[in-house]
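Below is run_32.tsv, holding TSV, C-alpha atoms.
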chain	number	residue	atom	x	y	z
A	76	MET	CA	33.29	10.27	-5.24
A	77	HIS	CA	34.36	6.73	-5.92
A	78	LEU	CA	36.14	5.04	-3.06
A	79	SER	CA	39.11	2.87	-3.75
A	80	ARG	CA	38.96	-0.76	-2.69
A	81	MET	CA	41.74	-0.03	-0.19
A	82	ARG	CA	39.75	2.80	1.43
A	83	ARG	CA	36.58	0.68	1.57
A	84	ALA	CA	38.56	-2.14	3.20
A	85	LEU	CA	40.09	0.28	5.72
A	86	VAL	CA	36.71	1.78	6.64
A	87	LEU	CA	35.05	-1.64	6.89
A	88	GLY	CA	37.93	-3.02	8.98
A	89	THR	CA	37.86	-0.02	11.31
A	90	ALA	CA	34.07	-0.19	11.64
A	91	SER	CA	34.29	-3.91	12.47
A	92	PHE	CA	37.00	-3.28	15.06
A	93	VAL	CA	35.00	-0.47	16.67
A	94	GLY	CA	31.85	-2.60	16.71
A	95	VAL	CA	33.65	-5.51	18.38
A	96	THR	CA	35.34	-3.17	20.86
A	97	VAL	CA	32.03	-1.53	21.77
A	98	ALA	CA	30.32	-4.91	22.13
A	99	MET	CA	33.11	-6.21	24.37
A	100	SER	CA	33.32	-3.10	26.56
A	101	VAL	CA	29.61	-2.48	27.11
A	102	SER	CA	27.61	-5.02	29.06
A	103	THR	CA	24.23	-3.47	28.26
A	104	ASP	CA	23.05	-1.42	25.33
A	105	PRO	CA	22.18	2.22	25.92
A	106	ALA	CA	18.48	3.02	26.06
A	107	GLN	CA	16.91	2.33	22.68
A	108	ALA	CA	13.42	2.62	21.35
A	109	ALA	CA	11.63	-0.70	21.56
A	110	GLY	CA	11.75	-2.76	18.42
A	111	GLU	CA	14.90	-1.18	16.95
A	112	ASN	CA	17.73	-3.47	15.89
A	113	TRP	CA	20.95	-1.48	15.43
A	114	THR	CA	22.89	-4.43	14.01
A	115	VAL	CA	24.53	-3.49	10.70
A	116	TYR	CA	23.35	-5.65	7.80
A	117	SER	CA	25.72	-4.12	5.23
A	118	THR	CA	27.98	-1.10	4.87
A	119	HIS	CA	27.66	1.47	2.09
A	120	PHE	CA	29.20	4.87	1.40
A	121	SER	CA	27.59	8.17	0.46
A	122	PRO	CA	28.73	9.94	-2.72
A	123	ASN	CA	31.10	11.98	-0.50
A	124	GLY	CA	32.56	8.86	1.10
A	125	HIS	CA	30.67	8.92	4.42
A	126	ASP	CA	29.90	5.65	6.20
A	127	ILE	CA	26.17	4.92	5.87
A	128	PRO	CA	25.34	1.44	7.16
A	129	LEU	CA	22.19	-0.42	6.28
A	130	ARG	CA	20.96	-1.60	9.66
A	131	TYR	CA	18.27	-4.16	10.33
A	132	GLY	CA	16.39	-1.17	11.76
A	133	ARG	CA	12.73	-1.22	12.72
A	134	HIS	CA	9.66	-2.84	11.19
A	135	ASP	CA	6.79	-0.67	10.00
A	136	ASN	CA	3.96	-0.43	12.53
A	137	ALA	CA	6.19	-1.56	15.40
A	138	SER	CA	6.26	-0.09	18.89
A	139	GLY	CA	3.92	2.77	18.07
A	140	HIS	CA	5.84	3.84	14.94
A	141	THR	CA	4.01	3.70	11.63
A	142	THR	CA	7.17	3.89	9.54
A	143	GLY	CA	10.26	1.81	10.15
A	144	PHE	CA	13.73	2.10	8.68
A	145	GLY	CA	16.54	-0.06	7.35
A	146	LYS	CA	16.34	-3.64	6.10
A	147	TYR	CA	13.12	-4.43	7.97
A	148	HIS	CA	11.35	-1.40	6.47
A	149	ILE	CA	12.57	-2.23	2.96
A	150	ASP	CA	11.21	-5.76	3.29
A	151	ASP	CA	7.96	-4.63	4.96
A	152	ARG	CA	7.25	-2.31	2.02
A	153	GLY	CA	8.27	-4.79	-0.68
A	154	HIS	CA	10.86	-2.37	-2.04
A	155	ARG	CA	13.13	-5.13	-3.38
A	156	ILE	CA	10.41	-6.36	-5.76
A	157	ASN	CA	11.67	-9.97	-5.50
A	158	VAL	CA	15.29	-8.99	-6.22
A	159	SER	CA	17.81	-10.86	-4.02
A	160	TRP	CA	19.41	-8.95	-1.17
A	161	SER	CA	22.79	-9.48	-2.83
A	162	THR	CA	21.62	-7.69	-6.01
A	163	PHE	CA	19.72	-5.03	-4.05
A	164	LYS	CA	22.85	-4.12	-2.05
A	165	LYS	CA	24.88	-3.89	-5.28
A	166	ASP	CA	22.21	-1.58	-6.73
A	167	ILE	CA	22.41	0.62	-3.61
A	168	ASP	CA	26.19	0.87	-4.12
A	169	GLU	CA	25.77	1.55	-7.82
A	170	THR	CA	23.27	4.34	-7.07
A	171	LEU	CA	25.49	5.97	-4.45
A	172	ASP	CA	28.69	5.54	-6.50
A	173	SER	CA	27.25	6.85	-9.75
A	174	PRO	CA	28.63	10.19	-10.98
A	175	THR	CA	25.17	10.84	-12.49
A	176	ALA	CA	23.30	10.39	-9.19
A	177	LYS	CA	21.16	13.35	-8.17
A	178	CYS	CA	21.30	13.98	-4.41
A	179	THR	CA	19.26	16.42	-2.34
A	180	LYS	CA	19.13	17.18	1.37
A	181	SER	CA	16.06	17.90	3.49
A	182	ASN	CA	16.76	18.50	7.20
A	183	ASN	CA	19.12	15.65	8.15
A	184	THR	CA	18.06	13.27	5.36
A	185	TRP	CA	19.88	12.89	2.07
A	186	THR	CA	18.13	11.32	-0.90
A	187	CYS	CA	20.06	10.13	-3.94
A	188	SER	CA	18.45	8.92	-7.14
A	189	SER	CA	20.32	7.10	-9.85
A	190	ASN	CA	19.94	8.61	-13.27
A	191	LYS	CA	21.38	6.05	-15.65
A	192	ILE	CA	20.10	5.32	-19.11
A	193	SER	CA	20.08	1.58	-18.43
A	194	GLY	CA	19.20	1.95	-14.74
A	195	VAL	CA	20.85	-0.02	-11.97
A	196	ASN	CA	18.81	-3.13	-12.65
A	197	SER	CA	17.64	-3.86	-16.16
A	198	GLN	CA	14.26	-5.06	-14.91
A	199	TRP	CA	13.37	-2.19	-12.56
A	200	GLY	CA	15.15	0.91	-13.86
A	201	ASN	CA	16.75	3.33	-11.44
A	202	MET	CA	16.80	3.51	-7.65
A	203	LYS	CA	16.30	6.01	-4.85
A	204	VAL	CA	18.25	5.74	-1.57
A	205	SER	CA	17.48	7.87	1.51
A	206	TYR	CA	19.92	8.03	4.42
A	207	THR	CA	21.19	10.14	7.29
A	208	HIS	CA	24.67	10.81	8.66
A	209	SER	CA	23.24	11.42	12.14
A	210	ASP	CA	24.58	9.10	14.83
A	211	SER	CA	22.13	10.31	17.47
A	212	GLY	CA	20.94	7.37	19.55
A	213	THR	CA	23.07	4.75	17.84
A	214	PRO	CA	24.83	2.42	20.29
A	215	ASP	CA	27.95	2.03	18.14
A	216	GLY	CA	28.54	5.69	17.23
A	217	ARG	CA	28.11	5.02	13.50
A	218	ALA	CA	25.52	6.86	11.44
A	219	ARG	CA	21.90	5.74	11.62
A	220	GLY	CA	22.47	5.14	7.90
A	221	ILE	CA	20.08	4.02	5.20
A	222	ILE	CA	16.45	4.75	5.98
A	223	THR	CA	15.00	3.26	2.81
A	224	ALA	CA	15.85	2.33	-0.77
A	225	PHE	CA	13.56	1.39	-3.63
A	226	TYR	CA	13.47	1.06	-7.39
A	227	LEU	CA	12.09	3.79	-9.63
A	228	ASN	CA	10.32	2.02	-12.46
A	229	ASP	CA	10.98	3.63	-15.85
A	230	CYS	CA	7.29	4.48	-16.17
A	231	GLY	CA	7.40	6.43	-12.87
A	232	CYS	CA	4.53	4.44	-11.36
A	233	LEU	CA	6.58	2.96	-8.51
A	234	SER	CA	8.12	6.33	-7.74
A	235	ALA	CA	4.75	8.05	-7.34
A	236	ARG	CA	3.27	5.20	-5.27
A	237	GLU	CA	6.26	4.95	-2.90
A	238	GLU	CA	6.68	8.70	-2.36
A	239	ALA	CA	3.01	8.95	-1.44
A	240	SER	CA	3.36	6.19	1.16
A	241	GLU	CA	6.72	7.24	2.70
Please lay out the structure from this file as structure tokens.
Amino acid sequence: MHLSRMRRALVLGTASFVGVTVAMSVSTDPAQAAGENWTVYSTHFSPNGHDIPLRYGRHDNASGHTTGFGKYHIDDRGHRINVSWSTFKKDIDETLDSPTAKCTKSNNTWTCSSNKISGVNSQWGNMKVSYTHSDSGTPDGRARGIITAFYLNDCGCLSAREEASE
């Protein structure tokens, strides 16, 4: 489902208002696991139009966790492959907005893979994005959001390596 610019603006504006309201009305954050940063880096939308923020998240191997999530995890794993964050975020949107994306659900995690002839980025082929709608434990009531995203090289070598290490 492609979201209109008006709907995206409305959701982003509402999310910003809610975030500011929560920040102003709460003097301390609710209990959070150590090392987690719930700040939203960017906002994206699932193929069905659900709010799925990309949070700063948690670094890999931090606070007793071997696997992080969000922006920190993506950078820790080198998933951007030297692509700028601006381009990477556009490729996430393109993957999630594509009518040819293949999405599957396992427990509470959705995984969508782009399936475009030219890929989302001419250098690295297609992309896989994993996310959850769950808002359990989030201080702002928004979804936990994007867990990870990475490019699927046309030869399949990145896909096999990353799935083995996730």
TODO: Point out the residue among A:Lys164, A:Lys203, A:Arg133, A:Lys146 with the least atom-to-atom distance to A:Ser188, counting all atoms listed in the file.
DONE: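 Closest to A:Ser188 of all the choices is A:Lys203.
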TODO: Just the residues within 12 Å of A:Gly194, please, counting only C-alpha atoms, with nothing from its chain fewer than 4 positions along; format it as a PyMOL selection string.
DONE: chain A and resi 166-167+169-170+173+175-176+188-190+198-203+226-229
Open item on the list: Taking all atoms listed in the file into account, name the residue in A:Ser161, A:Thr142, A:Ser117, A:Ser205 that is nearest to A:Cys187.
Closed with: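 Closest to A:Cys187, using all atoms listed in the file: A:Ser205.
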- [ ] Mind giving me the straight-line distance from atom CA of A:Lys191 to atom CA of A:Asn157 in Å, one decimal?
- [x]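 Distance between the two atoms: 21.3 Å.
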Task: Atomic separation - atom CA of A:Pro122 relative to atom CA of A:Cys178, Å - done: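 Computing it gives 8.6 Å between the two atoms.
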Once 3 Å is added on each side, what centre and edge lengths in Å to one decimal does the axis-aligned box around all listed atoms of stretch 222-226 of chain A have, as JSON?
{"center_x": 15.0, "center_y": 2.9, "center_z": -0.7, "size_x": 9.0, "size_y": 9.7, "size_z": 19.4}
- [ ] Provide the atom CA of A:Ser209 to atom CA of A:Thr141 distance in Å, to one decimal place.
- [x]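 We find that atom CA of A:Ser209 and atom CA of A:Thr141 lie 20.7 Å from each other.
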Task: Distance criterion (only C-alpha atoms): nearest to A:Thr114 out of A:Thr207, A:Thr213, A:Asn196, A:Ser159 - done: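 Nearest to A:Thr114: A:Thr213.
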Task: Distance criterion (all atoms listed in the file): nearest to A:Ile221 out of A:Asn136, A:Asp172, A:Asn123, A:Gly145 - done: A:Gly145
- [ ] Point out the residue among A:Val204, A:Val158, A:His119, A:Phe163 with the least atom-to-atom distance to A:Thr179, counting only C-alpha atoms.
- [x]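 Counting only C-alpha atoms, the residue closest to A:Thr179 is A:Val204.
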TODO: Scan for residues within 7 Å of the point (19.1, -1.0, 15.9) in the coordinates of the file, using all atoms listed in the file, and reply as a PyMOL selection string.
DONE: chain A and resi 111-114+130-132
Task: Selected residue of minimal separation from A:Phe144 among A:Val115, A:Ala218, A:Leu129, A:Leu171, counting all atoms listed in the file - done: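 Closest to A:Phe144 of all the choices is A:Leu129.
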